[in-house]
Amino acid sequence: MQAYLLDFANFMLRWLHVIAAIAWIGESIYFVMLDNSLRTPKAAEDRDKGVFGEMWAVHGGGFYHNQKYATAPAKLPEDLHWSFWKAYTTWLSGFALFVILYMASPDVYLVNPNADWEWAANLSGWQANVVALLFLLGGWVVYNELCKRISPDMTRDGVLSLAVAVMMVVVAYLSTQIFSGRAAFLLTGAVMATAMSANVFFWIIPGQRRMVAAMKAGEVPNPLDGKRGKQRSVHNTYFTLPVVLLMISNHYSFAYSHDHAWAIMSLFIFGGALIRQFFVVMHAGKIQSAYPVAGTALIAVAFWVAMPSGASSGGAGEAPTSLVEIEAIVEDRCVACHSSSPTQEGFGAPPAGIVYDTSDQIVQQQDKIREVVASGYMPLGNMTGMTDEEREAIAAWSGSQ
């Protein structure tokens, strides 16, 4: 019953998380599009009122006329729309999922017993949880300090972008050295997602509140608040595609179990950001195909790096492992989780729906089994105690004989 309750809570939280994320990302992308699509108002009276730009659009059978003021209108309406709860709900539901799925079983999902750094490989469960939380907090602190120190007045955003790019490579590398593969990808995405939500909470919304308060007091709003909000919003839009990719990466072990997982992750991050840049520029009225071409090229490089070497058997002269031997290993080390009725505590259903109850099911998953076992990623946290000899036997498995 406990496993079922956890699964159901996970199901509902995931649903909430996806709904909130779709709403937030959709609204964020819309406002970036709107901002970049604005044109100088044609009517002199609009320009005299301080209208900076306007856009006419048609959608759903109706026509819309959007206007943006350079600083603020002469009078604010009572029903001013704010956008922040979607961002907060996305982060809070995502963090709750992380607690239920990863922090509740850190020995299984966070600790990397094969880490090159001895201290990381020897982390206890609670220590791994603390390190994960510090990782998220540290990512935000470093990113925020880069923004504050490199481009405090938004005049050096190009240099800042390069610094944030370098930071993300470092985050990707550190995550794969400290945490298990799947958790490393998730936590790297969570660092960006935390920065996105924190941008809204600490900078965008407070700046907007100061602007509204100044207007109500009959004062001129500080233009830096508007510029800073725009800066952080732009950062958020470039984080969007990489974050979504990293959040769905837990189903694809070829990436997170690879020896160079950090490089694959970095290529995906930059590829996604470049593809997003194409749409940002397109909304400003320019078509620059170099961005999607470069982004696709980086994804192609990631595909090449992650590609299996093709070695499907053990060393020269080593006899291939028989299916009977493989079945025995799978029965001892894998079936506790990967069964239609798992016996491993905490599993109400087989992970990813993968079941090894029959010989045919094992043979169908042959390549996947070799991949995740050879990398040391499976069994999770080696909770079933798979030996090096058993891993070598699976590496030497060449068919259904």
# chains A, B, ... in the order shown; residues from 1 in each chain; ligands from 1
$ residues_around --residues "Ala302 in chain A" --least-positions-apart "3" --cutoff "10 Å" --atoms "only C-alpha atoms" --output "PDB file with C-alpha atoms, in the first residue's frame"
ATOM      1  CA  ALA A 255      22.999   9.639 -22.390  1.00  0.00           C
ATOM      2  CA  HIS A 260      31.191  11.469 -21.138  1.00  0.00           C
ATOM      3  CA  ALA A 261      27.666  12.210 -19.944  1.00  0.00           C
ATOM      4  CA  ALA A 263      29.759  16.533 -22.516  1.00  0.00           C
ATOM      5  CA  ILE A 264      26.566  15.057 -23.973  1.00  0.00           C
ATOM      6  CA  MET A 265      24.546  17.109 -21.502  1.00  0.00           C
ATOM      7  CA  SER A 266      26.429  20.314 -22.381  1.00  0.00           C
ATOM      8  CA  LEU A 267      25.877  19.750 -26.091  1.00  0.00           C
ATOM      9  CA  PHE A 268      22.151  19.296 -25.522  1.00  0.00           C
ATOM     10  CA  GLY A 271      21.827  22.977 -28.867  1.00  0.00           C
ATOM     11  CA  THR A 296      21.111  20.715 -34.733  1.00  0.00           C
ATOM     12  CA  ALA A 297      24.833  20.202 -35.388  1.00  0.00           C
ATOM     13  CA  LEU A 298      25.514  20.153 -31.628  1.00  0.00           C
ATOM     14  CA  ILE A 299      22.737  17.605 -31.110  1.00  0.00           C
ATOM     15  CA  VAL A 305      29.451  10.877 -28.790  1.00  0.00           C
ATOM     16  CA  ALA A 306      26.709   8.767 -27.184  1.00  0.00           C
ATOM     17  CA  MET A 307      26.704   6.168 -29.957  1.00  0.00           C
TER      18      MET A 307
END
$ closest_atom_pairs --of "range 60-150 of chain A" --to "range 192-198 of chain A" --cutoff "9 Å" --atoms "only C-alpha atoms" --output "Markdown table"
| residue | atom | partner | partner_atom | distance |
| --- | --- | --- | --- | --- |
| A:Phe84 | CA | A:Ser197 | CA | 8.7 |
| A:Ala87 | CA | A:Ser197 | CA | 5.7 |
| A:Tyr88 | CA | A:Ser197 | CA | 6.3 |
| A:Thr90 | CA | A:Ser197 | CA | 8.3 |
| A:Trp91 | CA | A:Ser197 | CA | 6.5 |
| A:Leu136 | CA | A:Thr194 | CA | 7.1 |
| A:Leu137 | CA | A:Thr194 | CA | 8.3 |
| A:Gly139 | CA | A:Ala195 | CA | 7.6 |
| A:Trp140 | CA | A:Ala195 | CA | 5.3 |
| A:Val141 | CA | A:Ala195 | CA | 8.8 |
| A:Tyr143 | CA | A:Ala195 | CA | 7.4 |
| A:Asn144 | CA | A:Ala195 | CA | 7.9 |
$ write_last_selection --atoms "C-alpha atoms" --output "PDB file, in the first residue's frame"
ATOM      1  CA  PHE A  84       4.164  34.591 -11.120  1.00  0.00           C
ATOM      2  CA  ALA A  87       6.459  29.846 -12.054  1.00  0.00           C
ATOM      3  CA  TYR A  88       6.223  29.172  -8.332  1.00  0.00           C
ATOM      4  CA  THR A  90       6.184  24.666 -11.380  1.00  0.00           C
ATOM      5  CA  TRP A  91       9.184  24.851  -9.067  1.00  0.00           C
ATOM      6  CA  LEU A 136      20.729  23.612  -6.201  1.00  0.00           C
ATOM      7  CA  LEU A 137      21.350  26.544  -3.871  1.00  0.00           C
ATOM      8  CA  GLY A 139      23.858  27.007  -8.684  1.00  0.00           C
ATOM      9  CA  TRP A 140      21.467  29.890  -8.050  1.00  0.00           C
ATOM     10  CA  VAL A 141      23.971  31.841  -5.948  1.00  0.00           C
ATOM     11  CA  TYR A 143      24.394  32.451 -11.449  1.00  0.00           C
ATOM     12  CA  ASN A 144      22.930  35.409  -9.554  1.00  0.00           C
TER      13      ASN A 144
END
$ residues_around --residues "Gly94 in chain A" --least-positions-apart "3" --cutoff "8 Å" --atoms "only C-alpha atoms" --output "compact mmCIF listing (two decimals) with N, CA and C atoms, in the first residue's frame"
# COMPACT_ATOMS: atom_id res chain seq x y z
N LEU A 13 1.45 14.67 -8.64
CA LEU A 13 2.41 15.77 -8.63
C LEU A 13 3.00 16.01 -10.01
N ARG A 14 3.27 14.91 -10.72
CA ARG A 14 3.82 15.03 -12.06
C ARG A 14 2.82 15.73 -12.99
N HIS A 17 2.83 19.34 -12.07
CA HIS A 17 4.09 19.92 -12.52
C HIS A 17 4.05 20.21 -14.03
N THR A 90 5.31 25.59 -10.64
CA THR A 90 6.18 24.67 -11.38
C THR A 90 7.37 24.24 -10.53
N TRP A 91 8.01 25.21 -9.87
CA TRP A 91 9.18 24.85 -9.07
C TRP A 91 8.79 24.04 -7.83
N LEU A 97 8.38 16.52 -6.29
CA LEU A 97 8.66 15.28 -7.02
C LEU A 97 10.08 14.79 -6.73
N PHE A 98 11.02 15.73 -6.69
CA PHE A 98 12.40 15.37 -6.40
C PHE A 98 12.53 14.75 -5.02
$ closest_residue --among "A:Phe135, A:Trp397, A:Tyr377, A:Tyr173" --to "Asn250 in chain A" --atoms "only C-alpha atoms"
A:Tyr377
$ closest_residue --among "A:Gly60, A:Gly218, A:Cys147, A:Ser289" --to "Val159 in chain A" --atoms "only C-alpha atoms"
A:Cys147
$ closest_atom_pairs --of "range 59-175 of chain A" --to "range 343-364 of chain A" --cutoff "12 Å" --atoms "only C-alpha atoms" --output "JSON lines"
{"residue": "A:Ile100", "atom": "CA", "partner": "A:Gly346", "partner_atom": "CA", "distance": 10.9}
{"residue": "A:Leu101", "atom": "CA", "partner": "A:Gly346", "partner_atom": "CA", "distance": 10.1}
{"residue": "A:Tyr102", "atom": "CA", "partner": "A:Gly346", "partner_atom": "CA", "distance": 11.8}
{"residue": "A:Ala104", "atom": "CA", "partner": "A:Gly346", "partner_atom": "CA", "distance": 9.8}
{"residue": "A:Ser105", "atom": "CA", "partner": "A:Gly346", "partner_atom": "CA", "distance": 8.8}
{"residue": "A:Val108", "atom": "CA", "partner": "A:Gly346", "partner_atom": "CA", "distance": 10.8}
$ select_by_dssp --residues "range 66-227 of chain A" --states "alpha helix (DSSP H)" --output "ChimeraX atom specification"
/A:85-98,106-109,118-121,125-150,157-178,181-198,205-216,223-227
$ atom_distance --atom1 "CA of Phe278 in chain A" --atom2 "CA of Met154 in chain A"
21.8 Å
$ residues_around --residues "Gly125 in chain A" --least-positions-apart "3" --cutoff "6 Å" --atoms "only C-alpha atoms" --output "PyMOL selection string"
chain A and resi 106-107+128
$ closest_residue --among "A:Lys75, A:Lys230, A:His258, A:Lys42" --to "Trp304 in chain A" --atoms "only C-alpha atoms"
A:His258
$ closest_residue --among "A:Arg149, A:Val191, A:Val131, A:Asn382" --to "Val170 in chain A" --atoms "only C-alpha atoms"
A:Val191
$ residues_around --residues "Leu16 in chain A" --least-positions-apart "3" --cutoff "10 Å" --atoms "only C-alpha atoms" --output "PDB file with C-alpha atoms, in the first residue's frame"
ATOM      1  CA  ASN A  10       4.049  10.935  -7.828  1.00  0.00           C
ATOM      2  CA  PHE A  11       1.419  10.630 -10.577  1.00  0.00           C
ATOM      3  CA  MET A  12      -0.629  13.576  -9.356  1.00  0.00           C
ATOM      4  CA  LEU A  13       2.411  15.771  -8.628  1.00  0.00           C
ATOM      5  CA  ILE A  19       0.345  21.578 -16.249  1.00  0.00           C
ATOM      6  CA  ALA A  20       2.066  24.425 -14.389  1.00  0.00           C
ATOM      7  CA  ALA A  21       5.179  24.161 -16.572  1.00  0.00           C
ATOM      8  CA  ILE A  22       3.161  24.267 -19.786  1.00  0.00           C
ATOM      9  CA  THR A  89       3.875  26.204  -8.791  1.00  0.00           C
ATOM     10  CA  THR A  90       6.184  24.666 -11.380  1.00  0.00           C
ATOM     11  CA  SER A  93       5.723  20.749  -7.603  1.00  0.00           C
ATOM     12  CA  GLY A  94       9.031  19.827  -9.250  1.00  0.00           C
TER      13      GLY A  94
END
$ atom_distance --atom1 "CA of Ala120 in chain A" --atom2 "CA of Ile178 in chain A"
5.3 Å
$ residues_around --residues "Leu187 in chain A" --least-positions-apart "5" --cutoff "9 Å" --atoms "only C-alpha atoms" --output "PyMOL selection string"
chain A and resi 132+135-136+172+175+179+182+192+246-247
